[in-house]
>>> print(open('input36.txt').read())   # compact mmCIF, C-alpha atoms
# COMPACT_ATOMS: atom_id res chain seq x y z
CA GLY A 1 -12.90 -20.71 23.50
CA GLY A 2 -9.33 -19.91 22.44
CA LYS A 3 -7.28 -22.16 20.17
CA LEU A 4 -4.28 -22.23 22.57
CA ASN A 5 -1.91 -21.94 19.60
CA ARG A 6 0.66 -19.91 21.53
CA GLY A 7 0.86 -22.36 24.40
CA LEU A 8 0.94 -25.41 22.17
CA THR A 9 3.71 -23.82 20.10
CA VAL A 10 5.99 -23.80 23.16
CA VAL A 11 5.53 -27.56 23.64
CA GLN A 12 5.87 -28.39 19.94
CA ALA A 13 9.00 -26.27 19.55
CA ALA A 14 10.68 -27.72 22.65
CA LEU A 15 9.97 -31.30 21.61
CA ALA A 16 11.13 -30.80 18.03
CA ILE A 17 14.39 -29.20 19.18
CA ARG A 18 15.26 -31.83 21.79
CA ARG A 19 14.39 -34.74 19.50
CA ALA A 20 16.68 -33.29 16.83
CA GLN A 21 19.55 -33.22 19.35
CA GLY A 22 19.51 -36.99 19.79
CA PRO A 23 17.70 -39.85 21.53
CA LEU A 24 15.44 -38.82 24.40
CA SER A 25 14.38 -41.19 27.19
CA LEU A 26 10.71 -41.45 28.06
CA ALA A 27 11.37 -39.90 31.48
CA ASP A 28 13.27 -36.95 29.97
CA GLU A 29 10.57 -36.42 27.37
CA LYS A 30 7.84 -36.36 30.03
CA LYS A 31 9.85 -33.84 32.05
CA LEU A 32 10.38 -31.66 28.99
CA VAL A 33 6.70 -31.76 28.03
CA ARG A 34 5.68 -30.86 31.59
CA GLU A 35 8.06 -27.89 31.74
CA ALA A 36 7.15 -26.70 28.24
CA ALA A 37 3.45 -27.01 29.06
CA VAL A 38 3.91 -24.79 32.11
CA LEU A 39 5.59 -22.18 29.92
CA GLY A 40 2.79 -22.58 27.39
CA TRP A 41 0.28 -21.76 30.11
CA CYS A 42 2.38 -18.73 31.07
CA VAL A 43 1.93 -17.42 27.53
CA GLU A 44 -1.79 -18.21 27.61
CA TRP A 45 -2.27 -16.39 30.95
CA LEU A 46 -0.38 -13.46 29.46
CA GLN A 47 -2.65 -13.54 26.41
CA ALA A 48 -5.76 -13.71 28.59
CA SER A 49 -4.62 -10.69 30.60
CA PHE A 50 -3.98 -8.67 27.46
CA LEU A 51 -7.36 -9.55 25.94
CA VAL A 52 -9.40 -8.72 29.03
CA ALA A 53 -7.72 -5.31 29.23
CA ASP A 54 -7.75 -4.69 25.47
CA ASP A 55 -11.48 -5.38 25.12
CA LEU A 56 -12.25 -2.89 27.90
CA MET A 57 -9.98 -0.21 26.41
CA ASP A 58 -11.46 -0.72 22.93
CA SER A 59 -15.07 -0.97 24.14
CA SER A 60 -15.32 -4.24 22.20
CA VAL A 61 -18.58 -6.19 22.26
CA THR A 62 -17.73 -9.87 21.74
CA ARG A 63 -14.69 -12.11 22.03
CA ARG A 64 -14.62 -15.69 20.74
CA GLY A 65 -18.35 -15.63 20.11
CA GLN A 66 -19.25 -14.54 23.63
CA PRO A 67 -19.68 -11.16 25.37
CA CYS A 68 -16.36 -9.63 26.37
CA TRP A 69 -15.49 -10.29 30.01
CA TYR A 70 -16.15 -6.71 31.13
CA LYS A 71 -19.57 -6.85 29.42
CA ASN A 72 -20.85 -9.34 32.01
CA PRO A 73 -23.35 -7.47 34.27
CA ASP A 74 -21.47 -8.28 37.47
CA ILE A 75 -17.99 -7.47 36.10
CA GLY A 76 -17.68 -4.05 34.41
CA THR A 77 -14.50 -2.25 35.49
CA ILE A 78 -13.63 -5.09 37.87
CA ALA A 79 -12.10 -6.50 34.67
CA VAL A 80 -9.11 -4.20 35.29
CA ASN A 81 -8.25 -6.11 38.47
CA ASP A 82 -9.01 -9.42 36.77
CA ALA A 83 -6.46 -8.60 34.06
CA ILE A 84 -3.83 -7.91 36.75
CA VAL A 85 -4.66 -11.19 38.51
CA LEU A 86 -4.23 -13.10 35.25
CA LEU A 87 -0.87 -11.44 34.62
CA THR A 88 0.36 -12.30 38.11
CA GLN A 89 -0.24 -16.01 37.43
CA VAL A 90 2.77 -15.95 35.10
CA ASP A 91 5.18 -15.15 37.95
CA ILE A 92 3.47 -17.65 40.24
CA LEU A 93 3.91 -20.46 37.70
CA LEU A 94 7.54 -19.54 37.00
CA HIS A 95 8.47 -19.52 40.68
CA LYS A 96 6.66 -22.80 41.38
CA TYR A 97 8.09 -24.85 38.51
CA PHE A 98 11.48 -23.23 37.73
CA GLY A 99 12.55 -21.61 40.99
CA HIS A 100 14.88 -24.55 41.71
CA ASP A 101 17.04 -23.64 38.66
CA PRO A 102 18.09 -19.99 39.13
CA GLU A 103 19.86 -19.64 35.77
CA LEU A 104 16.92 -21.00 33.74
CA PHE A 105 14.40 -19.15 35.92
CA LEU A 106 16.10 -15.80 35.32
CA ASP A 107 16.30 -16.42 31.58
CA LEU A 108 12.61 -17.35 31.34
CA HIS A 109 11.57 -14.49 33.61
CA ARG A 110 13.54 -12.01 31.50
CA LEU A 111 11.95 -13.31 28.29
CA LEU A 112 8.42 -13.01 29.67
CA THR A 113 9.02 -9.63 31.31
CA GLU A 114 10.44 -8.24 28.06
CA THR A 115 7.46 -9.66 26.18
CA THR A 116 5.00 -8.07 28.58
CA TYR A 117 6.69 -4.67 28.33
CA GLN A 118 6.91 -4.84 24.53
CA THR A 119 3.20 -5.66 24.28
CA GLU A 120 2.29 -2.85 26.66
CA MET A 121 4.27 -0.39 24.54
CA GLY A 122 2.55 -1.68 21.39
CA GLN A 123 -0.82 -1.16 23.02
CA PHE A 124 0.23 2.36 24.03
CA LEU A 125 1.19 3.20 20.43
CA ASP A 126 -2.12 1.77 19.23
CA LEU A 127 -4.23 3.69 21.73
CA THR A 128 -2.43 7.01 21.17
CA THR A 129 -2.65 7.01 17.39
CA GLN A 130 -5.64 9.22 18.09
CA PRO A 131 -6.35 11.14 21.32
CA PRO A 132 -9.55 10.17 23.18
CA GLN A 133 -11.17 13.44 22.14
CA GLY A 134 -10.80 15.56 19.04
CA PRO A 135 -10.93 15.14 15.27
CA ILE A 136 -9.23 12.24 13.52
CA ASN A 137 -5.70 12.96 12.27
CA LEU A 138 -5.07 10.76 9.25
CA ASP A 139 -1.47 11.97 9.04
CA LEU A 140 -0.68 9.64 11.94
CA TYR A 141 -1.79 6.57 10.00
CA THR A 142 1.57 5.76 8.42
CA GLU A 143 3.22 2.48 7.50
CA GLU A 144 6.06 3.25 9.91
CA ARG A 145 3.69 3.67 12.86
CA TYR A 146 1.67 0.64 11.83
CA ASP A 147 4.78 -1.55 11.67
CA LEU A 148 5.82 -0.44 15.16
CA ILE A 149 2.37 -1.11 16.60
CA VAL A 150 2.08 -4.64 15.24
CA LYS A 151 5.71 -5.51 16.01
CA TYR A 152 5.34 -4.63 19.69
CA LYS A 153 1.65 -5.33 20.29
CA THR A 154 1.38 -8.67 18.47
CA ALA A 155 4.57 -10.19 17.07
CA PHE A 156 6.63 -10.55 20.23
CA TYR A 157 4.05 -12.23 22.47
CA SER A 158 2.23 -14.22 19.79
CA PHE A 159 5.23 -15.57 17.89
CA TYR A 160 8.66 -14.80 19.31
CA ALA A 161 7.87 -15.58 22.98
CA PRO A 162 6.45 -19.09 22.37
CA ILE A 163 9.40 -20.03 20.13
CA ALA A 164 12.04 -18.47 22.40
CA LEU A 165 10.57 -20.19 25.48
CA GLY A 166 10.52 -23.54 23.68
CA MET A 167 14.14 -23.02 22.63
CA ALA A 168 15.16 -22.04 26.17
CA VAL A 169 13.63 -25.04 27.91
CA ALA A 170 15.18 -27.30 25.26
CA GLY A 171 18.63 -25.82 25.93
CA VAL A 172 19.06 -23.49 22.95
CA ARG A 173 19.81 -20.10 24.52
CA ASP A 174 22.59 -18.56 22.43
CA ALA A 175 22.20 -15.01 21.17
CA ASP A 176 22.52 -15.81 17.46
CA SER A 177 19.76 -18.43 17.51
CA ARG A 178 17.48 -15.99 19.29
CA ARG A 179 18.32 -13.23 16.82
CA VAL A 180 17.31 -15.41 13.87
CA ALA A 181 14.14 -16.55 15.65
CA ARG A 182 13.26 -12.99 16.52
CA GLU A 183 13.65 -11.73 12.95
CA ILE A 184 11.48 -14.53 11.54
CA CYS A 185 8.86 -14.26 14.26
CA VAL A 186 8.53 -10.49 13.96
CA LYS A 187 7.91 -10.85 10.22
CA MET A 188 5.44 -13.67 10.84
CA GLY A 189 3.71 -11.74 13.61
CA THR A 190 3.31 -8.71 11.37
CA TYR A 191 1.72 -10.92 8.72
CA PHE A 192 -0.60 -12.37 11.38
CA GLN A 193 -1.76 -8.90 12.42
CA VAL A 194 -2.34 -7.85 8.81
CA GLN A 195 -4.53 -10.94 8.54
CA ASP A 196 -6.40 -9.86 11.68
CA ASP A 197 -7.00 -6.42 10.23
CA TYR A 198 -8.30 -7.90 6.99
CA LEU A 199 -10.57 -10.36 8.79
CA ASP A 200 -11.91 -7.67 11.12
CA CYS A 201 -13.38 -5.96 8.06
CA TYR A 202 -14.23 -8.83 5.72
CA ALA A 203 -14.86 -11.99 7.79
CA SER A 204 -18.35 -12.73 9.09
CA PRO A 205 -18.72 -12.41 12.90
CA GLU A 206 -19.98 -16.01 13.02
CA VAL A 207 -16.71 -17.29 11.55
CA LEU A 208 -14.41 -14.79 13.25
CA GLY A 209 -15.97 -15.18 16.69
CA LYS A 210 -16.23 -11.44 17.28
CA ILE A 211 -17.73 -8.33 15.75
CA GLY A 212 -15.12 -6.27 13.91
CA THR A 213 -14.78 -2.74 15.28
CA ASP A 214 -11.54 -1.41 13.76
CA ILE A 215 -13.26 1.21 11.59
CA GLN A 216 -15.44 2.74 14.30
CA ASP A 217 -12.57 2.47 16.82
CA SER A 218 -10.29 4.59 14.57
CA LYS A 219 -7.73 1.76 14.54
CA CYS A 220 -4.47 2.23 12.70
CA SER A 221 -5.17 -0.91 10.69
CA TRP A 222 -3.40 -2.21 7.60
CA LEU A 223 -6.49 -1.51 5.51
CA VAL A 224 -6.77 2.18 6.33
CA VAL A 225 -3.01 2.69 6.01
CA GLN A 226 -3.07 1.11 2.55
CA ALA A 227 -6.19 3.07 1.62
CA LEU A 228 -4.50 6.35 2.52
CA LYS A 229 -1.53 5.44 0.33
CA ARG A 230 -3.80 4.86 -2.66
CA ALA A 231 -6.65 7.30 -2.11
CA SER A 232 -7.52 10.25 -4.33
CA PRO A 233 -8.15 13.58 -2.56
CA GLU A 234 -11.89 12.86 -2.75
CA GLN A 235 -11.50 9.37 -1.26
CA ARG A 236 -9.23 10.71 1.47
CA ASN A 237 -11.92 13.21 2.38
CA VAL A 238 -14.50 10.40 2.61
CA LEU A 239 -12.20 8.61 5.05
CA LEU A 240 -11.65 11.81 7.01
CA GLN A 241 -15.39 12.40 7.34
CA ASN A 242 -16.35 8.82 8.20
CA TYR A 243 -13.45 6.85 9.72
CA GLY A 244 -13.73 6.45 13.47
CA LYS A 245 -17.47 7.01 13.70
CA ASP A 246 -19.71 4.37 15.29
CA ASP A 247 -22.42 4.75 12.67
CA GLU A 248 -23.43 2.07 10.18
CA ALA A 249 -23.70 4.55 7.29
CA CYS A 250 -20.20 5.91 8.00
CA ILE A 251 -18.75 2.40 8.27
CA ALA A 252 -20.36 1.51 4.93
CA LYS A 253 -18.80 4.56 3.25
CA VAL A 254 -15.35 3.60 4.52
CA LYS A 255 -15.82 0.07 3.20
CA GLU A 256 -16.90 1.49 -0.17
CA VAL A 257 -13.55 3.27 -0.40
CA PHE A 258 -11.75 0.05 0.51
CA THR A 259 -13.64 -1.75 -2.26
CA ALA A 260 -12.95 0.95 -4.85
CA LEU A 261 -9.24 0.78 -4.04
CA GLU A 262 -9.27 -3.05 -4.40
CA LEU A 263 -7.76 -3.60 -0.98
CA GLU A 264 -8.85 -7.25 -0.91
CA LYS A 265 -6.74 -7.85 -4.00
CA ALA A 266 -3.85 -5.94 -2.41
CA TYR A 267 -4.15 -8.07 0.73
CA PHE A 268 -3.97 -11.37 -1.15
CA ALA A 269 -0.91 -10.13 -3.07
CA TYR A 270 0.74 -9.14 0.22
CA GLU A 271 -0.10 -12.52 1.76
CA ASP A 272 1.46 -14.51 -1.07
CA GLY A 273 4.54 -12.29 -1.11
CA VAL A 274 5.26 -12.40 2.61
CA HIS A 275 4.68 -16.16 2.72
CA ALA A 276 7.25 -16.74 -0.02
CA GLU A 277 9.71 -14.42 1.74
CA LEU A 278 9.31 -16.24 5.06
CA VAL A 279 9.84 -19.64 3.46
CA ARG A 280 13.08 -18.41 1.86
CA THR A 281 14.32 -16.85 5.10
CA ILE A 282 13.64 -19.98 7.15
CA ASP A 283 15.40 -22.23 4.65
CA ARG A 284 18.39 -19.88 4.43
CA ASP A 285 18.94 -18.69 8.01
CA VAL A 286 17.75 -21.37 10.45
CA HIS A 287 20.55 -23.78 11.43
CA THR A 288 20.54 -24.48 15.18
CA VAL A 289 16.94 -25.68 15.49
CA PRO A 290 14.80 -27.74 13.09
CA LYS A 291 13.46 -25.59 10.26
CA GLU A 292 10.10 -27.32 10.74
CA VAL A 293 9.65 -25.39 13.99
CA PHE A 294 9.13 -22.26 11.90
CA HIS A 295 7.60 -23.88 8.81
CA GLY A 296 4.97 -25.55 10.99
CA LEU A 297 4.08 -22.27 12.66
CA LEU A 298 3.75 -20.57 9.28
CA ARG A 299 1.45 -23.32 7.98
CA LYS A 300 -0.90 -22.72 10.91
CA ILE A 301 -1.60 -19.15 9.92
CA TYR A 302 -1.24 -19.14 6.13
CA LYS A 303 -4.62 -18.41 4.47
CA ARG A 304 -6.43 -18.63 7.83
CA SER A 305 -10.07 -17.54 7.98
CA LYS A 306 -10.40 -16.72 11.68
>>> encode(input="input36.txt", output="structure tokens")
Amino acid sequence: GGKLNRGLTVVQAALAIRRAQGPLSLADEKKLVREAAVLGWCVEWLQASFLVADDLMDSSVTRRGQPCWYKNPDIGTIAVNDAIVLLTQVDILLHKYFGHDPELFLDLHRLLTETTYQTEMGQFLDLTTQPPQGPINLDLYTEERYDLIVKYKTAFYSFYAPIALGMAVAGVRDADSRRVAREICVKMGTYFQVQDDYLDCYASPEVLGKIGTDIQDSKCSWLVVQALKRASPEQRNVLLQNYGKDDEACIAKVKEVFTALELEKAYFAYEDGVHAELVRTIDRDVHTVPKEVFHGLLRKIYKRSK
């Protein structure tokens, strides 16, 4: 039920870059599409592995409108092994389709290994914002920690990896091009996660495809971080007493604080501001690949509803 945006981005980026370099024969284009598609599936297998594990760790209920994988009666904690199996498919695909080119293989393998490690570290930061037991510590819910979580847990694998893989298979592998891509993709990935946090609270489960659980899961989300910045002592106490509790009345009280602090308005202001900043950065800093590679990716997520 996924949209396959990450995998498709690899193919779209690779094609756009190679076509901008000059005429491409039909045979060369087919070869490029095949190789880029394999890398796209590597990213999708990586994503699948992360989601299976993440849903189990978060005790989530639904994913893409269906019960989470571990929620199936005959699965349960077998999902841990399933997540490992999914992750291993990445190496299998790389060896099968790129093992004949050691230099390219090592570059792609390094990119995907770095991405996996970065995402794992982001998940670790997310999970350890609060210990499994004990009272909630709102002092840990800072903008600095939030930025680190979303940078490592979301931005690298959802945005930088697909673009960097597309660049690599199209022959653009210099350090400066990757630096620019990384800076843009981290900013875009952070925006994407802020959107996710907003939608988790405000989008209907029917549209979103899952039931939002950030409040009861004590997540260090953009909404609670912004609420803590703006809250009065009384509002902070309401959050302290109710955030992280799997109780409908407690969840409602948290959302009342969000409403009183006009966080929806703050979100829309953030969205417009970061979009304008990204457009300026792409136009100013991107020179070795078509700017449309990044503009097209930004259009896919701007004002999304799920």
>>> residues_around(input="input36.txt", residues="stretch 98-102 of chain A", least_positions_apart="5", cutoff="10 Å", atoms="only C-alpha atoms", output="ChimeraX atom specification")
/A:35,38-39,92-93,107-109
>>> atom_distance(input="input36.txt", atom1="atom CA of A:Phe159", atom2="atom CA of A:Arg110")
16.3 Å
>>> closest_residue(input="input36.txt", among="A:Lys265, A:Asp200, A:Pro233, A:Asp272", to="A:Lys306", atoms="only C-alpha atoms")
A:Asp200
>>> residues_around(input="input36.txt", residues="stretch 7-24 of chain A", least_positions_apart="6", cutoff="12 Å", atoms="all atoms listed in the file", output="ChimeraX atom specification")
/A:30-48,157-173,181,287-298,300
>>> residues_around(input="input36.txt", residues="stretch 214-225 of chain A", least_positions_apart="5", cutoff="10 Å", atoms="only C-alpha atoms", output="MDAnalysis selection string")
chainID A and resid 58:60 125:130 136:147 149:150 193:198 200:201 230:231 239 242:248 250:252 254:255 257:258 263:264 266:267
>>> atom_distance(input="input36.txt", atom1="atom CA of A:Leu278", atom2="atom CA of A:Tyr117")
26.1 Å
>>> atom_distance(input="input36.txt", atom1="atom CA of A:Ala175", atom2="atom CA of A:Tyr97")
24.4 Å
>>> closest_residue(input="input36.txt", among="A:Ser305, A:Glu277, A:Asp54, A:Gly65", to="A:Ala83", atoms="all atoms listed in the file")
A:Asp54
>>> closest_residue(input="input36.txt", among="A:Ser25, A:Thr88, A:Thr62, A:Thr154", to="A:Gln123", atoms="only C-alpha atoms")
A:Thr154
>>> closest_residue(input="input36.txt", among="A:Thr119, A:Arg304, A:Val61, A:Val90", to="A:Thr213", atoms="all atoms listed in the file")
A:Val61
>>> residues_around(input="input36.txt", residues="A:Thr281", least_positions_apart="4", cutoff="10 Å", atoms="all atoms listed in the file", output="list of chain:residue names")
A:Val180, A:Glu183, A:Ile184, A:His275, A:Ala276, A:Glu277, A:Asp285, A:Val286
>>> build_atoms(input="input36.txt", residues="stretch 37-56 of chain A", atoms="N, CA, C and O atoms", output="PDB file, in the frame of the given file")
ATOM      1  N   ALA A  37       4.877 -27.285  28.884  1.00  0.00           N
ATOM      2  CA  ALA A  37       3.450 -27.010  29.060  1.00  0.00           C
ATOM      3  C   ALA A  37       3.220 -25.892  30.077  1.00  0.00           C
ATOM      4  O   ALA A  37       2.340 -25.044  29.893  1.00  0.00           O
ATOM      5  N   VAL A  38       4.013 -25.871  31.123  1.00  0.00           N
ATOM      6  CA  VAL A  38       3.910 -24.790  32.110  1.00  0.00           C
ATOM      7  C   VAL A  38       4.204 -23.450  31.438  1.00  0.00           C
ATOM      8  O   VAL A  38       3.482 -22.457  31.636  1.00  0.00           O
ATOM      9  N   LEU A  39       5.250 -23.416  30.626  1.00  0.00           N
ATOM     10  CA  LEU A  39       5.590 -22.180  29.920  1.00  0.00           C
ATOM     11  C   LEU A  39       4.508 -21.815  28.903  1.00  0.00           C
ATOM     12  O   LEU A  39       4.218 -20.629  28.687  1.00  0.00           O
ATOM     13  N   GLY A  40       3.907 -22.836  28.303  1.00  0.00           N
ATOM     14  CA  GLY A  40       2.790 -22.580  27.390  1.00  0.00           C
ATOM     15  C   GLY A  40       1.637 -21.913  28.112  1.00  0.00           C
ATOM     16  O   GLY A  40       1.022 -20.971  27.597  1.00  0.00           O
ATOM     17  N   TRP A  41       1.353 -22.386  29.326  1.00  0.00           N
ATOM     18  CA  TRP A  41       0.280 -21.760  30.110  1.00  0.00           C
ATOM     19  C   TRP A  41       0.663 -20.346  30.544  1.00  0.00           C
ATOM     20  O   TRP A  41      -0.204 -19.472  30.667  1.00  0.00           O
ATOM     21  N   CYS A  42       1.940 -20.100  30.758  1.00  0.00           N
ATOM     22  CA  CYS A  42       2.380 -18.730  31.070  1.00  0.00           C
ATOM     23  C   CYS A  42       2.011 -17.792  29.915  1.00  0.00           C
ATOM     24  O   CYS A  42       1.508 -16.681  30.139  1.00  0.00           O
ATOM     25  N   VAL A  43       2.267 -18.241  28.687  1.00  0.00           N
ATOM     26  CA  VAL A  43       1.930 -17.420  27.530  1.00  0.00           C
ATOM     27  C   VAL A  43       0.416 -17.248  27.415  1.00  0.00           C
ATOM     28  O   VAL A  43      -0.084 -16.155  27.087  1.00  0.00           O
ATOM     29  N   GLU A  44      -0.335 -18.302  27.698  1.00  0.00           N
ATOM     30  CA  GLU A  44      -1.790 -18.210  27.610  1.00  0.00           C
ATOM     31  C   GLU A  44      -2.376 -17.287  28.685  1.00  0.00           C
ATOM     32  O   GLU A  44      -3.330 -16.548  28.420  1.00  0.00           O
ATOM     33  N   TRP A  45      -1.818 -17.326  29.904  1.00  0.00           N
ATOM     34  CA  TRP A  45      -2.270 -16.390  30.950  1.00  0.00           C
ATOM     35  C   TRP A  45      -1.945 -14.963  30.532  1.00  0.00           C
ATOM     36  O   TRP A  45      -2.733 -14.038  30.768  1.00  0.00           O
ATOM     37  N   LEU A  46      -0.769 -14.788  29.949  1.00  0.00           N
ATOM     38  CA  LEU A  46      -0.380 -13.460  29.460  1.00  0.00           C
ATOM     39  C   LEU A  46      -1.361 -12.969  28.408  1.00  0.00           C
ATOM     40  O   LEU A  46      -1.844 -11.830  28.452  1.00  0.00           O
ATOM     41  N   GLN A  47      -1.682 -13.856  27.459  1.00  0.00           N
ATOM     42  CA  GLN A  47      -2.650 -13.540  26.410  1.00  0.00           C
ATOM     43  C   GLN A  47      -4.014 -13.183  27.007  1.00  0.00           C
ATOM     44  O   GLN A  47      -4.653 -12.197  26.611  1.00  0.00           O
ATOM     45  N   ALA A  48      -4.469 -13.959  27.972  1.00  0.00           N
ATOM     46  CA  ALA A  48      -5.760 -13.710  28.590  1.00  0.00           C
ATOM     47  C   ALA A  48      -5.796 -12.334  29.263  1.00  0.00           C
ATOM     48  O   ALA A  48      -6.779 -11.589  29.154  1.00  0.00           O
ATOM     49  N   SER A  49      -4.713 -11.996  29.952  1.00  0.00           N
ATOM     50  CA  SER A  49      -4.620 -10.690  30.600  1.00  0.00           C
ATOM     51  C   SER A  49      -4.711  -9.562  29.585  1.00  0.00           C
ATOM     52  O   SER A  49      -5.462  -8.591  29.769  1.00  0.00           O
ATOM     53  N   PHE A  50      -3.960  -9.698  28.495  1.00  0.00           N
ATOM     54  CA  PHE A  50      -3.980  -8.670  27.460  1.00  0.00           C
ATOM     55  C   PHE A  50      -5.382  -8.500  26.863  1.00  0.00           C
ATOM     56  O   PHE A  50      -5.846  -7.382  26.627  1.00  0.00           O
ATOM     57  N   LEU A  51      -6.061  -9.615  26.595  1.00  0.00           N
ATOM     58  CA  LEU A  51      -7.360  -9.550  25.940  1.00  0.00           C
ATOM     59  C   LEU A  51      -8.430  -8.928  26.831  1.00  0.00           C
ATOM     60  O   LEU A  51      -9.270  -8.150  26.363  1.00  0.00           O
ATOM     61  N   VAL A  52      -8.429  -9.295  28.108  1.00  0.00           N
ATOM     62  CA  VAL A  52      -9.400  -8.720  29.030  1.00  0.00           C
ATOM     63  C   VAL A  52      -9.240  -7.198  29.077  1.00  0.00           C
ATOM     64  O   VAL A  52     -10.217  -6.446  29.009  1.00  0.00           O
ATOM     65  N   ALA A  53      -7.983  -6.749  29.171  1.00  0.00           N
ATOM     66  CA  ALA A  53      -7.720  -5.310  29.230  1.00  0.00           C
ATOM     67  C   ALA A  53      -8.005  -4.633  27.885  1.00  0.00           C
ATOM     68  O   ALA A  53      -8.606  -3.556  27.832  1.00  0.00           O
ATOM     69  N   ASP A  54      -7.591  -5.274  26.799  1.00  0.00           N
ATOM     70  CA  ASP A  54      -7.750  -4.690  25.470  1.00  0.00           C
ATOM     71  C   ASP A  54      -9.225  -4.501  25.115  1.00  0.00           C
ATOM     72  O   ASP A  54      -9.615  -3.459  24.574  1.00  0.00           O
ATOM     73  N   ASP A  55     -10.050  -5.485  25.427  1.00  0.00           N
ATOM     74  CA  ASP A  55     -11.480  -5.380  25.120  1.00  0.00           C
ATOM     75  C   ASP A  55     -12.118  -4.211  25.871  1.00  0.00           C
ATOM     76  O   ASP A  55     -12.977  -3.501  25.329  1.00  0.00           O
ATOM     77  N   LEU A  56     -11.716  -4.005  27.112  1.00  0.00           N
ATOM     78  CA  LEU A  56     -12.250  -2.890  27.900  1.00  0.00           C
ATOM     79  C   LEU A  56     -11.795  -1.556  27.309  1.00  0.00           C
ATOM     80  O   LEU A  56     -12.593  -0.627  27.133  1.00  0.00           O
TER      81      LEU A  56
END
